Every structure is written in C-alpha cells, then in structure tokens.
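Text of my_file-v3.tsv, listed as TSV, C-alpha atoms:
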```
chain	number	residue	atom	x	y	z
X	1	MET	CA	13.41	136.67	72.89
X	2	ILE	CA	13.08	137.05	69.13
X	3	THR	CA	11.58	134.22	67.08
X	4	ILE	CA	11.30	133.35	63.43
X	5	THR	CA	8.79	130.89	62.05
X	6	ALA	CA	9.40	129.85	58.45
X	7	VAL	CA	7.13	127.72	56.28
X	8	ILE	CA	9.02	126.27	53.33
X	9	LYS	CA	7.54	124.22	50.49
X	10	VAL	CA	9.77	122.38	48.04
X	11	LYS	CA	9.13	120.90	44.64
X	12	SER	CA	8.24	117.23	44.60
X	13	GLY	CA	11.28	114.97	44.78
X	14	HIS	CA	13.41	117.48	46.72
X	15	GLU	CA	12.29	116.62	50.24
X	16	VAL	CA	15.53	114.87	51.23
X	17	THR	CA	17.65	117.72	49.85
X	18	MET	CA	15.70	120.24	51.92
X	19	ARG	CA	15.79	118.10	55.06
X	20	ASP	CA	19.56	117.65	54.71
X	21	ALA	CA	20.10	121.39	54.12
X	22	LEU	CA	18.04	122.29	57.19
X	23	MET	CA	19.85	119.69	59.29
X	24	ALA	CA	23.19	121.26	58.27
X	25	VAL	CA	21.95	124.61	59.58
X	26	ALA	CA	20.78	122.95	62.80
X	27	ALA	CA	24.18	121.29	63.30
X	28	ASN	CA	25.93	124.63	62.84
X	29	VAL	CA	23.56	126.29	65.32
X	30	ALA	CA	24.29	123.59	67.91
X	31	ALA	CA	28.05	123.90	67.46
X	32	ASN	CA	28.54	127.62	66.92
X	33	GLU	CA	25.56	129.75	67.97
X	34	PRO	CA	25.14	129.89	71.75
X	35	ASP	CA	22.71	132.82	71.46
X	36	THR	CA	20.41	130.86	69.18
X	37	ILE	CA	18.33	129.37	71.97
X	38	GLY	CA	16.42	126.90	69.81
X	39	PHE	CA	16.27	125.74	66.21
X	40	PHE	CA	13.39	123.37	65.49
X	41	ILE	CA	12.64	121.67	62.17
X	42	SER	CA	9.34	119.97	61.32
X	43	GLN	CA	8.11	118.20	58.20
X	44	SER	CA	4.39	118.02	57.49
X	45	GLU	CA	2.69	114.67	57.93
X	46	ASP	CA	0.07	115.65	55.34
X	47	ASP	CA	2.45	117.01	52.71
X	48	PRO	CA	6.10	115.99	53.10
X	49	ARG	CA	7.11	118.84	50.78
X	50	VAL	CA	6.27	121.33	53.55
X	51	PHE	CA	8.83	122.11	56.24
X	52	THR	CA	8.53	124.48	59.17
X	53	THR	CA	11.33	125.95	61.22
X	54	TYR	CA	10.93	127.68	64.56
X	55	GLU	CA	13.97	129.63	65.65
X	56	ARG	CA	14.52	131.31	69.03
X	57	PHE	CA	17.19	133.97	69.53
X	58	ALA	CA	18.40	135.68	72.70
X	59	ASP	CA	18.11	139.06	70.96
X	60	LYS	CA	18.09	140.77	67.57
X	61	ALA	CA	21.90	140.71	67.36
X	62	ALA	CA	21.85	136.90	67.69
X	63	MET	CA	19.21	136.67	64.97
X	64	ASP	CA	21.26	138.94	62.70
X	65	ARG	CA	24.41	136.86	63.29
X	66	HIS	CA	22.52	133.68	62.44
X	67	ASN	CA	20.87	135.13	59.34
X	68	GLY	CA	24.19	136.58	58.16
X	69	SER	CA	26.17	133.37	58.66
X	70	ALA	CA	27.89	131.44	55.89
X	71	VAL	CA	25.82	128.33	56.66
X	72	VAL	CA	22.55	130.24	56.13
X	73	ALA	CA	23.91	131.63	52.84
X	74	THR	CA	24.80	128.08	51.77
X	75	PHE	CA	21.32	126.92	52.78
X	76	PHE	CA	19.65	129.54	50.58
X	77	GLY	CA	21.90	128.61	47.68
X	78	ILE	CA	20.62	125.04	47.95
X	79	ALA	CA	17.01	125.96	48.73
X	80	LYS	CA	16.21	128.64	46.15
X	81	PRO	CA	16.16	126.38	43.07
X	82	ILE	CA	13.98	123.75	44.75
X	83	LEU	CA	11.38	126.02	46.38
X	84	ASP	CA	7.74	125.69	45.34
X	85	GLY	CA	6.56	129.25	45.94
X	86	GLU	CA	7.61	131.88	48.42
X	87	VAL	CA	8.86	131.10	51.91
X	88	THR	CA	6.53	132.46	54.60
X	89	LEU	CA	8.56	134.18	57.33
X	90	VAL	CA	7.14	135.56	60.56
X	91	THR	CA	9.52	137.39	62.88
X	92	SER	CA	8.10	137.98	66.37
X	93	THR	CA	8.80	138.95	69.92
X	94	GLU	CA	8.11	135.93	72.09
X	95	VAL	CA	5.28	136.54	74.53
X	96	SER	CA	5.28	133.23	76.38
X	97	ALA	CA	7.04	129.86	76.26
X	98	THR	CA	6.37	126.58	78.00
X	99	ILE	CA	9.25	124.15	77.69
X	100	ARG	CA	9.32	120.78	79.40
```
Kindly transcribe the structure held in the file into structure tokens.
Amino acid sequence: MITITAVIKVKSGHEVTMRDALMAVAANVAANEPDTIGFFISQSEDDPRVFTTYERFADKAAMDRHNGSAVVATFFGIAKPILDGEVTLVTSTEVSATIR
C-alpha cells in the first residue's frame, strides 16, 4: 500500500474554495478510482486554513493514475493561486493500518 499525506494551507478567505476543490477530487475517487483505497480530507480545528489529505493506493500505478488524472490537474489549477506557502507532501509505504 502506498500513501500520500498532504498538508495544505490556503490564504484567508479561501477555505470554502479549497474544501470544495478537495471534495470534487474525493467524489471522483469514489466514482472512478477503485484502486484508490481511501481518500480522507481533514480541516484543522485550530486553523481552518489548514487542510490535510491522507490518500491510500493499492500500488504505485494506482497513485500515478490518480496524480495524473484530469480532476487532480483541475484541483491544482484552483489551488495554486490560493495557497499560503508550499504544500507538504509525504509519500510512504504503509507499514500498518487499523480500520474499524
């Protein structure tokens, strides 16, 4: 299992735009990406400008398909002008998972 954790901070006033853009990616994942095992979105309680995604892929090919998709390209087109700093991305091999 390959995972990506992304920490995204947006400029003040753009929280709804970012949430909507991330939700569009999540909807596409649910409808069209069976090898994307999970796509989780969180918004910080302390700073609503900070979003975190946690993405789980069956393998590297699934991750590459997701990252190369039109919906991800559209997301970045929306996100880039409203980002407050660099996005932190961590790509990992999953060691353990507990899902209830």
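For the pair atom CA of Ile8 of chain X and atom CA of Ile78 of chain X, the separation is 12.8 Å.
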From atom CA of Ala6 of chain X to atom CA of Val87 of chain X the spacing works out at 6.7 Å
Rank nothing, just name the residue among X:Val50, X:Ala97, X:Ala24, X:Ala58 nearest to Thr74 of chain X, using only C-alpha atoms.
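Answer, going by the shortest atom-to-atom distance: X:Ala24.
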Separation of atom CA of Arg56 of chain X from atom CA of Ser12 of chain X in Å
28.9 Å
May I have the residues within 12 Å of Asp47 of chain X as a list in words, using only C-alpha atoms and disregarding those fewer than 3 positions away in the same chain?
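Once the adjacent positions are removed, what remains is Ile8, Lys9, Val10, Lys11, Ser12, Glu15, Ser42, Gln43, Ser44, Val50, Phe51 and Thr52 of chain X.
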Near Val90 of chain X, counting all atoms listed in the file, which residues have an atom at most 9 Å away, once you skip same-chain residues fewer than 5 positions from it, shown as a ChimeraX atom specification?
/X:3-7
The centre and edge lengths of an axis-aligned box containing all atoms of segment 1-18 of chain X present in the file, extended by 6 Å on each side, are to be given in Å to one decimal, as JSON.
```
{"center_x": 12.4, "center_y": 126.0, "center_z": 58.7, "size_x": 22.5, "size_y": 34.2, "size_z": 40.3}
```
Using all atoms listed in the file, the residue out of X:Lys60, X:Glu45, X:Ala27, X:Asp35 with shortest distance to Thr91 of chain X is X:Lys60
Residues within 12 Å of Ser96 of chain X, all atoms listed in the file, excluding chain neighbours under 2 positions, as a ChimeraX atom specification:
/X:1-3,56,92-94,98-99
Can you tell me which residues surround Val25 of chain X at a distance of at most 8 Å, considering only C-alpha atoms, apart from same-chain residues fewer than 6 positions away, and format the answer as a list in words?
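Final neighbour list, sorted by chain and number: Val71, Val72 and Phe75 of chain X.
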Of the residues X:Ala79, X:Asp46, X:Arg65, X:Gly13, which is the one nearest to Val29 of chain X, using all atoms listed in the file?
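Distance minimum relative to Val29 of chain X lands on X:Arg65.
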With distances taken over all atoms listed in the file, which of X:Phe76, X:Tyr54, X:Glu33, X:Glu86 is nearest to Ala21 of chain X?
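With all atoms listed in the file as the atom set, the closest residue is X:Phe76.
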